[in-house]
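Visitor: File data_19.tsv below, TSV, C-alpha atoms:
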chain	number	residue	atom	x	y	z
A	1	MET	CA	0.00	0.00	0.00
A	2	ASP	CA	2.84	2.34	0.84
A	3	ARG	CA	4.40	1.53	-2.51
A	4	LEU	CA	1.21	2.42	-4.39
A	5	THR	CA	0.91	5.64	-2.41
A	6	ALA	CA	4.51	6.56	-3.20
A	7	GLU	CA	3.98	5.87	-6.91
A	8	ALA	CA	0.84	8.00	-6.94
A	9	GLU	CA	2.64	10.87	-5.19
A	10	ASP	CA	5.54	10.59	-7.64
A	11	ASP	CA	3.11	10.68	-10.56
A	12	ASP	CA	1.42	13.79	-9.12
A	13	LEU	CA	4.79	15.48	-8.71
A	14	GLN	CA	5.72	14.69	-12.30
A	15	MET	CA	2.41	16.08	-13.51
A	16	ALA	CA	2.81	19.23	-11.44
A	17	SER	CA	6.38	19.69	-12.67
A	18	TYR	CA	5.32	19.23	-16.30
A	19	THR	CA	2.43	21.68	-15.88
A	20	VAL	CA	4.68	24.35	-14.35
A	21	ARG	CA	7.24	23.93	-17.14
A	22	ARG	CA	4.58	24.25	-19.83
A	23	ILE	CA	3.07	27.34	-18.20
A	24	LEU	CA	6.50	28.99	-17.97
A	25	ARG	CA	7.18	28.19	-21.62
A	26	ALA	CA	3.79	29.61	-22.59
A	27	ILE	CA	4.51	32.83	-20.71
A	28	LEU	CA	7.92	33.11	-22.37
A	29	LEU	CA	6.35	32.53	-25.78
A	30	LEU	CA	3.74	35.22	-25.13
A	31	VAL	CA	6.50	37.67	-24.18
A	32	LEU	CA	8.45	36.85	-27.35
A	33	VAL	CA	5.32	37.26	-29.50
A	34	SER	CA	4.62	40.60	-27.82
A	35	VAL	CA	8.17	41.81	-28.50
A	36	LEU	CA	7.98	40.69	-32.13
A	37	THR	CA	4.61	42.38	-32.56
A	38	TYR	CA	5.95	45.62	-31.08
A	39	VAL	CA	8.96	45.55	-33.39
A	40	LEU	CA	6.89	44.86	-36.51
A	41	PHE	CA	4.24	47.48	-35.87
A	42	THR	CA	6.15	50.15	-33.97
A	43	VAL	CA	9.92	50.03	-34.43
A	44	LEU	CA	10.29	49.27	-38.13
A	45	PRO	CA	10.35	52.22	-40.54
A	46	ASP	CA	6.88	53.40	-41.64
A	47	ALA	CA	5.30	50.96	-39.20
A	48	ASN	CA	3.31	53.77	-37.61
A	49	PRO	CA	1.06	56.02	-39.63
A	50	PRO	CA	1.41	59.76	-38.96
A	51	GLN	CA	-1.69	59.97	-36.75
A	52	SER	CA	-0.49	57.31	-34.28
A	53	VAL	CA	1.67	57.83	-31.25
A	54	ALA	CA	3.87	54.82	-30.55
A	55	PRO	CA	4.22	53.97	-26.85
A	56	GLY	CA	7.58	53.11	-25.40
A	57	PHE	CA	8.46	49.44	-25.24
A	58	PHE	CA	8.07	49.05	-21.49
A	59	GLY	CA	4.87	51.08	-21.54
A	60	TYR	CA	3.55	48.82	-24.26
A	61	MET	CA	4.43	45.64	-22.34
A	62	LYS	CA	2.91	47.08	-19.17
A	63	ASP	CA	-0.31	47.95	-20.97
A	64	VAL	CA	-0.59	44.50	-22.53
A	65	PHE	CA	0.27	42.26	-19.57
A	66	LEU	CA	-0.86	44.35	-16.60
A	67	HIS	CA	-3.83	46.28	-17.98
A	68	PHE	CA	-4.78	44.12	-21.00
A	69	ASN	CA	-4.79	47.30	-23.05
A	70	PHE	CA	-4.05	46.79	-26.75
A	71	GLY	CA	-4.41	50.38	-27.83
A	72	TYR	CA	-7.07	52.39	-29.65
A	73	ASN	CA	-8.08	52.61	-33.27
A	74	HIS	CA	-7.56	55.86	-35.18
A	75	PRO	CA	-10.92	57.05	-36.56
A	76	SER	CA	-13.08	56.70	-33.44
A	77	HIS	CA	-10.43	56.15	-30.75
A	78	GLN	CA	-12.26	53.03	-29.55
A	79	SER	CA	-10.50	50.43	-27.46
A	80	VAL	CA	-9.10	47.64	-29.63
A	81	LEU	CA	-10.05	45.13	-26.95
A	82	SER	CA	-13.68	46.30	-26.92
A	83	LEU	CA	-13.85	46.11	-30.72
A	84	VAL	CA	-12.43	42.58	-30.69
A	85	LEU	CA	-14.77	41.42	-27.91
A	86	THR	CA	-17.75	42.77	-29.84
A	87	ARG	CA	-16.75	40.73	-32.90
A	88	LEU	CA	-15.49	37.68	-31.01
A	89	PRO	CA	-18.78	35.69	-30.76
A	90	ALA	CA	-19.05	35.49	-34.55
A	91	THR	CA	-15.47	34.27	-34.94
A	92	LEU	CA	-15.80	31.75	-32.11
A	93	SER	CA	-19.02	30.43	-33.66
A	94	LEU	CA	-17.27	30.00	-36.99
A	95	VAL	CA	-14.07	28.43	-35.66
A	96	ALA	CA	-15.73	26.12	-33.11
A	97	GLY	CA	-18.33	24.88	-35.56
A	98	ALA	CA	-15.76	24.31	-38.30
A	99	GLY	CA	-13.49	22.46	-35.88
A	100	LEU	CA	-16.25	20.11	-34.75
A	101	LEU	CA	-17.43	19.59	-38.32
A	102	SER	CA	-13.91	18.79	-39.55
A	103	VAL	CA	-13.57	16.01	-36.98
A	104	ALA	CA	-17.10	14.73	-37.64
A	105	LEU	CA	-16.35	14.48	-41.37
A	106	ALA	CA	-12.85	13.08	-40.96
A	107	ILE	CA	-13.72	10.18	-38.64
A	108	PRO	CA	-16.01	8.17	-40.96
A	109	VAL	CA	-13.90	8.93	-44.05
A	110	GLY	CA	-10.63	7.96	-42.36
A	111	VAL	CA	-12.03	4.82	-40.74
A	112	ILE	CA	-13.74	3.59	-43.92
A	113	ALA	CA	-10.61	4.26	-46.00
A	114	ALA	CA	-8.43	2.38	-43.49
A	115	THR	CA	-10.73	-0.64	-43.27
A	116	ARG	CA	-10.91	-0.83	-47.08
A	117	ARG	CA	-7.23	-0.28	-47.69
A	118	GLY	CA	-6.20	-0.53	-51.32
A	119	THR	CA	-9.77	-0.62	-52.64
A	120	ARG	CA	-11.41	1.88	-54.95
A	121	VAL	CA	-13.17	3.47	-51.96
A	122	ASP	CA	-9.82	4.07	-50.27
A	123	ARG	CA	-8.22	5.54	-53.38
A	124	VAL	CA	-11.16	7.83	-54.15
A	125	ALA	CA	-11.39	9.05	-50.55
A	126	MET	CA	-7.70	9.85	-50.25
A	127	ARG	CA	-7.42	11.47	-53.68
A	128	THR	CA	-10.46	13.59	-52.95
A	129	ALA	CA	-8.96	14.59	-49.62
A	130	LEU	CA	-5.70	15.57	-51.34
A	131	ALA	CA	-7.61	17.67	-53.88
A	132	ILE	CA	-9.54	19.47	-51.12
A	133	ILE	CA	-6.33	20.19	-49.20
A	134	SER	CA	-5.02	21.93	-52.32
A	135	MET	CA	-8.03	24.27	-52.57
A	136	PRO	CA	-7.48	27.77	-51.11
A	137	VAL	CA	-10.15	28.77	-48.61
A	138	PHE	CA	-10.90	32.03	-50.43
A	139	TRP	CA	-11.40	30.26	-53.77
A	140	LEU	CA	-13.49	27.47	-52.26
A	141	GLY	CA	-15.71	30.03	-50.55
A	142	LEU	CA	-16.40	31.82	-53.83
A	143	ILE	CA	-17.19	28.51	-55.57
A	144	VAL	CA	-19.61	27.51	-52.81
A	145	LEU	CA	-21.35	30.89	-52.99
A	146	TYR	CA	-21.61	30.59	-56.78
A	147	LEU	CA	-23.19	27.13	-56.48
A	148	LEU	CA	-25.33	27.18	-53.33
A	149	ALA	CA	-25.91	30.74	-52.04
A	150	SER	CA	-29.53	31.86	-51.92
A	151	ASP	CA	-28.75	35.24	-53.51
A	152	VAL	CA	-26.32	34.45	-56.34
A	153	GLY	CA	-26.06	30.65	-56.42
A	154	LYS	CA	-27.10	28.36	-59.26
A	155	LEU	CA	-28.80	26.14	-56.66
A	156	PRO	CA	-30.03	28.71	-54.11
A	157	ILE	CA	-30.59	26.51	-51.08
A	158	LEU	CA	-28.61	28.15	-48.24
A	159	PRO	CA	-28.02	31.74	-47.05
A	160	GLY	CA	-25.07	33.40	-48.72
A	161	ALA	CA	-22.86	36.37	-47.94
A	162	ASN	CA	-23.85	39.01	-45.40
A	163	SER	CA	-26.58	36.80	-43.91
A	164	TYR	CA	-25.00	36.17	-40.50
A	165	ALA	CA	-27.13	36.81	-37.42
A	166	GLY	CA	-26.03	36.45	-33.82
A	167	LEU	CA	-26.96	33.35	-31.85
A	168	THR	CA	-28.94	35.27	-29.26
A	169	ALA	CA	-30.67	37.45	-31.87
A	170	ASP	CA	-31.95	34.63	-34.12
A	171	PRO	CA	-30.72	31.05	-33.40
A	172	GLY	CA	-32.28	29.64	-36.58
A	173	GLN	CA	-30.72	32.23	-38.85
A	174	TRP	CA	-27.41	31.92	-36.95
A	175	PHE	CA	-27.26	28.22	-37.75
A	176	LYS	CA	-28.37	28.49	-41.38
A	177	SER	CA	-26.04	31.40	-42.12
A	178	LEU	CA	-23.02	29.45	-40.86
A	179	ILE	CA	-23.58	26.18	-42.72
A	180	LEU	CA	-21.68	27.25	-45.84
A	181	PRO	CA	-18.86	29.02	-43.92
A	182	TRP	CA	-18.49	25.96	-41.68
A	183	LEU	CA	-18.20	23.68	-44.71
A	184	VAL	CA	-15.65	25.93	-46.41
A	185	LEU	CA	-13.47	26.38	-43.32
A	186	ALA	CA	-13.74	22.73	-42.27
A	187	ALA	CA	-13.06	21.22	-45.70
A	188	SER	CA	-9.26	21.35	-45.77
A	189	GLN	CA	-8.91	20.42	-42.09
A	190	ALA	CA	-11.30	17.48	-42.51
A	191	ALA	CA	-9.26	16.27	-45.48
A	192	ILE	CA	-6.03	16.49	-43.48
A	193	TYR	CA	-7.52	14.72	-40.46
A	194	SER	CA	-9.04	11.95	-42.57
A	195	ARG	CA	-5.62	11.13	-44.01
A	196	LEU	CA	-4.09	11.32	-40.53
A	197	LEU	CA	-6.78	9.07	-39.07
A	198	ARG	CA	-6.38	6.56	-41.87
A	199	GLY	CA	-2.66	6.25	-41.15
A	200	GLN	CA	-3.22	5.87	-37.42
A	201	MET	CA	-5.99	3.33	-37.97
A	202	LEU	CA	-3.75	1.21	-40.20
A	203	GLU	CA	-1.15	1.21	-37.43
A	204	VAL	CA	-3.66	0.47	-34.67
A	205	MET	CA	-5.37	-2.37	-36.51
A	206	ASP	CA	-2.08	-4.30	-36.58
A	207	GLN	CA	-1.71	-4.21	-32.80
A	208	ASP	CA	-1.92	-7.34	-30.67
A	209	TYR	CA	-4.94	-6.18	-28.69
A	210	ILE	CA	-6.95	-5.88	-31.92
A	211	ARG	CA	-6.17	-9.50	-32.77
A	212	THR	CA	-7.09	-10.45	-29.21
A	213	ALA	CA	-10.44	-8.67	-29.51
A	214	ARG	CA	-11.18	-10.56	-32.70
A	215	ALA	CA	-10.13	-13.85	-31.10
A	216	LYS	CA	-12.65	-13.23	-28.29
A	217	GLY	CA	-15.43	-13.23	-30.86
A	218	LEU	CA	-16.24	-9.52	-30.92
A	219	SER	CA	-18.01	-8.29	-34.01
A	220	GLU	CA	-15.89	-6.62	-36.66
A	221	GLN	CA	-17.85	-3.37	-36.24
A	222	SER	CA	-17.08	-3.36	-32.52
A	223	VAL	CA	-13.40	-4.04	-33.17
A	224	ILE	CA	-13.17	-1.26	-35.75
A	225	TRP	CA	-15.14	1.48	-34.03
A	226	ARG	CA	-14.69	0.75	-30.35
A	227	HIS	CA	-11.12	-0.50	-30.23
A	228	GLY	CA	-9.56	0.76	-33.46
A	229	ALA	CA	-11.15	4.18	-33.89
A	230	GLY	CA	-11.29	4.66	-30.12
A	231	ALA	CA	-7.49	4.52	-30.01
A	232	ALA	CA	-6.88	6.57	-33.17
A	233	VAL	CA	-9.40	9.42	-32.82
A	234	PRO	CA	-7.67	11.13	-29.82
A	235	GLY	CA	-4.71	11.85	-32.09
A	236	VAL	CA	-7.02	13.71	-34.47
A	237	VAL	CA	-8.56	15.69	-31.61
A	238	THR	CA	-5.07	16.63	-30.43
A	239	ALA	CA	-4.16	17.76	-33.94
A	240	LEU	CA	-7.30	19.91	-33.97
A	241	GLY	CA	-6.24	21.61	-30.75
A	242	LEU	CA	-2.80	22.32	-32.15
A	243	ASP	CA	-4.19	23.50	-35.51
A	244	ILE	CA	-6.37	26.21	-34.00
A	245	GLY	CA	-4.05	28.78	-35.59
A	246	ALA	CA	-4.84	27.39	-39.05
A	247	LEU	CA	-8.55	27.72	-38.32
A	248	LEU	CA	-8.12	31.30	-37.15
A	249	GLY	CA	-6.13	32.14	-40.28
A	250	GLY	CA	-8.79	30.54	-42.45
A	251	ALA	CA	-11.47	32.41	-40.52
A	252	VAL	CA	-10.07	35.73	-41.77
A	253	LEU	CA	-10.61	34.66	-45.39
A	254	THR	CA	-13.93	32.96	-44.69
A	255	GLU	CA	-15.34	35.97	-42.88
A	256	THR	CA	-14.20	38.20	-45.73
A	257	VAL	CA	-15.89	36.05	-48.38
A	258	PHE	CA	-19.15	35.58	-46.46
A	259	ARG	CA	-19.17	39.08	-44.91
A	260	ILE	CA	-19.35	37.74	-41.36
A	261	HIS	CA	-18.63	40.61	-38.99
A	262	GLY	CA	-16.08	38.82	-36.84
A	263	VAL	CA	-12.53	39.49	-35.74
A	264	GLY	CA	-11.15	38.33	-39.09
A	265	LEU	CA	-13.17	40.86	-41.07
A	266	LEU	CA	-12.23	43.52	-38.53
A	267	ALA	CA	-8.54	42.79	-39.10
A	268	TYR	CA	-9.01	42.73	-42.89
A	269	HIS	CA	-10.62	46.18	-42.92
A	270	ALA	CA	-7.93	47.46	-40.54
A	271	VAL	CA	-5.23	46.34	-42.99
A	272	LEU	CA	-6.99	48.09	-45.87
A	273	ARG	CA	-7.11	51.43	-44.03
A	274	SER	CA	-3.71	51.00	-42.32
A	275	ASP	CA	-5.26	50.99	-38.84
A	276	PHE	CA	-2.18	49.49	-37.20
A	277	PRO	CA	-3.42	49.41	-33.59
A	278	ILE	CA	-6.26	47.06	-34.59
A	279	VAL	CA	-3.97	44.90	-36.70
A	280	GLN	CA	-1.43	44.77	-33.88
A	281	GLY	CA	-4.08	44.02	-31.27
A	282	THR	CA	-5.81	41.26	-33.25
A	283	VAL	CA	-2.49	39.59	-34.08
A	284	LEU	CA	-1.42	39.63	-30.44
A	285	LEU	CA	-4.79	38.44	-29.13
A	286	ALA	CA	-4.87	35.62	-31.69
A	287	ALA	CA	-1.36	34.58	-30.65
A	288	MET	CA	-2.40	34.58	-27.01
A	289	PHE	CA	-5.44	32.46	-27.81
A	290	ILE	CA	-3.35	29.94	-29.76
A	291	VAL	CA	-0.76	29.68	-26.97
A	292	VAL	CA	-3.44	29.15	-24.31
A	293	VAL	CA	-5.24	26.47	-26.36
A	294	SER	CA	-1.93	24.69	-27.05
A	295	LEU	CA	-1.14	24.81	-23.33
A	296	ILE	CA	-4.50	23.25	-22.47
A	297	VAL	CA	-4.03	20.53	-25.10
A	298	ASP	CA	-0.53	19.70	-23.85
A	299	ILE	CA	-1.60	19.50	-20.20
A	300	GLY	CA	-4.62	17.40	-21.17
A	301	ASN	CA	-2.43	14.99	-23.13
A	302	ALA	CA	0.01	14.72	-20.25
A	303	TRP	CA	-2.82	13.96	-17.85
A	304	LEU	CA	-4.25	11.27	-20.15
A	305	ASP	CA	-0.92	9.77	-21.27
A	306	PRO	CA	1.97	9.60	-18.74
A	307	ARG	CA	4.42	9.02	-21.59
A	308	VAL	CA	4.06	12.69	-22.55
A	309	ARG	CA	5.29	13.76	-19.12
A	310	PHE	CA	8.29	11.44	-19.26
A	311	ALA	CA	9.14	12.62	-22.77
I'd like the structure from this file rewritten - as structure tokens, please.

Guide:
Amino acid sequence: MDRLTAEAEDDDLQMASYTVRRILRAILLLVLVSVLTYVLFTVLPDANPPQSVAPGFFGYMKDVFLHFNFGYNHPSHQSVLSLVLTRLPATLSLVAGAGLLSVALAIPVGVIAATRRGTRVDRVAMRTALAIISMPVFWLGLIVLYLLASDVGKLPILPGANSYAGLTADPGQWFKSLILPWLVLAASQAAIYSRLLRGQMLEVMDQDYIRTARAKGLSEQSVIWRHGAGAAVPGVVTALGLDIGALLGGAVLTETVFRIHGVGLLAYHAVLRSDFPIVQGTVLLAAMFIVVVSLIVDIGNAWLDPRVRFA
């Protein structure tokens, strides 16, 4: 009993040590990103338009980390943070829905391709996934609008550009207006995850415990979905957590195409009118969000899999 208690305490200490190290690394990364952002938008020649007043470096770092102040935009002198928070629900709706949809699409495609390895189904699925990965988000969005948008589409079945409504304002319209943006933003990620899941499934299905499950008389469907996919899917979910930056980058293009008034469209308009405080603030806030999500994913993986802590 004492031995088990000692092992549990040692495991807790390892987990605590790993968590502290990851938090310290995250803080260091945030500081480095803040310094880089300051240099790009303040120090470099012509980084500041004539109407802006660049704060000193230490004043900037103090504002960001102690007061969470990211500056003010030029025309109306509104707080960048307040502007971002106003637009944030739309971007979170887009990114979260696209992330969930990408996994939901990737799981059946990857599993079916792996279980039918070498067949026509496998080849078609993987070649289609490769083609989708090669499609730029902006181009795919325009094609989808041309085909399916209710205003300009050849088959007008779903709301098109500039149809977004907030969740609290109109839940039905919120859902319908995001179907096409979700599909566009999720397409490339779903294609990537389906190929990733296929590879992991092929590796998992050769493991001894899979052969043991079959020897016990379990149905093939149970072996595939419960034991095979159950072991392979967490890797896809982890990849989704680490790829949040790709989704945020794609959200800028998706919001621009579909005229969704989120943080991405805010940043796009800020670039067009050289409103550097907004560009600087959105870049820094996006970096902070990515670092925090990566930290959560890493700590979650370490808690679920002790090998991560030892590594």

Visitor: Taking (-1.8, 20.1, -29.5) as a centre in this file's frame and 12 Å as the limit, can you find every polymer residue with an atom that close, using all atoms listed in the file, and give them as a ChimeraX atom specification?

Guide: /A:234-245,290-302,308

Visitor: Keeping C-alpha atoms, export the residues of the selection given above as a tab-separated table (two decimals), keeping the file's coordinate frame.

Guide:
chain	number	residue	atom	x	y	z
A	234	PRO	CA	-7.67	11.13	-29.82
A	235	GLY	CA	-4.71	11.85	-32.09
A	236	VAL	CA	-7.02	13.71	-34.47
A	237	VAL	CA	-8.56	15.69	-31.61
A	238	THR	CA	-5.07	16.63	-30.43
A	239	ALA	CA	-4.16	17.76	-33.94
A	240	LEU	CA	-7.30	19.91	-33.97
A	241	GLY	CA	-6.24	21.61	-30.75
A	242	LEU	CA	-2.80	22.32	-32.15
A	243	ASP	CA	-4.19	23.50	-35.51
A	244	ILE	CA	-6.37	26.21	-34.00
A	245	GLY	CA	-4.05	28.78	-35.59
A	290	ILE	CA	-3.35	29.94	-29.76
A	291	VAL	CA	-0.76	29.68	-26.97
A	292	VAL	CA	-3.44	29.15	-24.31
A	293	VAL	CA	-5.24	26.47	-26.36
A	294	SER	CA	-1.93	24.69	-27.05
A	295	LEU	CA	-1.14	24.81	-23.33
A	296	ILE	CA	-4.50	23.25	-22.47
A	297	VAL	CA	-4.03	20.53	-25.10
A	298	ASP	CA	-0.53	19.70	-23.85
A	299	ILE	CA	-1.60	19.50	-20.20
A	300	GLY	CA	-4.62	17.40	-21.17
A	301	ASN	CA	-2.43	14.99	-23.13
A	302	ALA	CA	0.01	14.72	-20.25
A	308	VAL	CA	4.06	12.69	-22.55

Visitor: Quick check, in Å to one decimal: how far apart do atom CA of A:Tyr164 and atom CA of A:Leu178 lie?

Guide: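 Those two atoms sit 7.0 Å apart.
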
Visitor: Give the answer as one residue: which of A:Ala287, A:Ala267, A:Leu145, A:Leu183 has the shortest atom-to-atom distance to A:Val80, using all atoms listed in the file?

Guide: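 Smallest distance to A:Val80 is found for A:Ala267.
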
Visitor: Work out how far apart atom CA of A:Glu255 and atom CA of A:Pro181 are and give it in Å to one decimal.

Guide: 7.9 Å

Visitor: Mind pulling up the distance from atom CA of A:Lys154 to atom CA of A:Phe175?

Guide: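 Separation between atom CA of A:Phe175 and atom CA of A:Lys154: 21.5 Å.
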
Visitor: Skipping near chain neighbours, those fewer than 4 positions away, what residues fall within 12 Å of A:Tyr38 using only C-alpha atoms, listed as an NGL selection string?

Guide: :A and (31-34 or 42-44 or 47-48 or 54-61 or 64 or 70-71 or 276-277 or 279-281 or 283-284)

Visitor: Counting all atoms listed in the file, figure out which residue out of A:Pro136, A:Val95, A:Gln221, A:Phe68 gets nearest to A:Ser82.

Guide: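 Smallest separation from A:Ser82 among the options: A:Phe68.
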
Visitor: Considering all atoms listed in the file, return as a list in words whatever protein or nucleic-acid residues lie within 8 Å of A:Leu180, sequence-local ones (same chain, fewer than 6 positions apart) excluded.

Guide: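 In the requested form, the answer reads Val144, Leu158, Pro159 and Gly160 of chain A.
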
Visitor: With all atoms listed in the file counted, which protein, DNA or RNA residues have an atom no more than 12 Å from (-26.8, 34.1, -42.4) in the file frame? Please answer as an NGL selection string.

Guide: :A and (90 or 94 or 149-151 or 158-167 or 169-182 or 255 or 258-261)

Visitor: Please determine an axis-aligned box that encloses all atoms of stretch 218-236 of chain A listed in the file, with 3 Å added on each side, and express its centre and edge lengths in Å to one decimal as AutoDock Vina command-line options.

Guide:
--center_x -11.4 --center_y 2.1 --center_z -33.2 --size_x 19.3 --size_y 29.2 --size_z 12.8

Visitor: Which residues, written as a list in words, have at least one atom at most 10 Å from A:Ser102, with only C-alpha atoms counted and residues fewer than 2 positions away on the same chain left out?

Guide: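 Those residues are Ala96, Gly97, Ala98, Gly99, Leu100, Ala104, Leu105, Ala106, Ile107, Trp182, Leu183, Leu185, Ala186, Ala187, Ser188, Gln189, Ala190, Ala191, Ile192, Tyr193, Ser194, Val236 and Leu240 of chain A.
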
Visitor: So, with all atoms listed in the file as the atoms that count, which of A:Thr212, A:Ser222, A:Asn73, A:Thr128 lies closest to A:Ala270?

Guide: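 The closest residue to A:Ala270 is A:Asn73.
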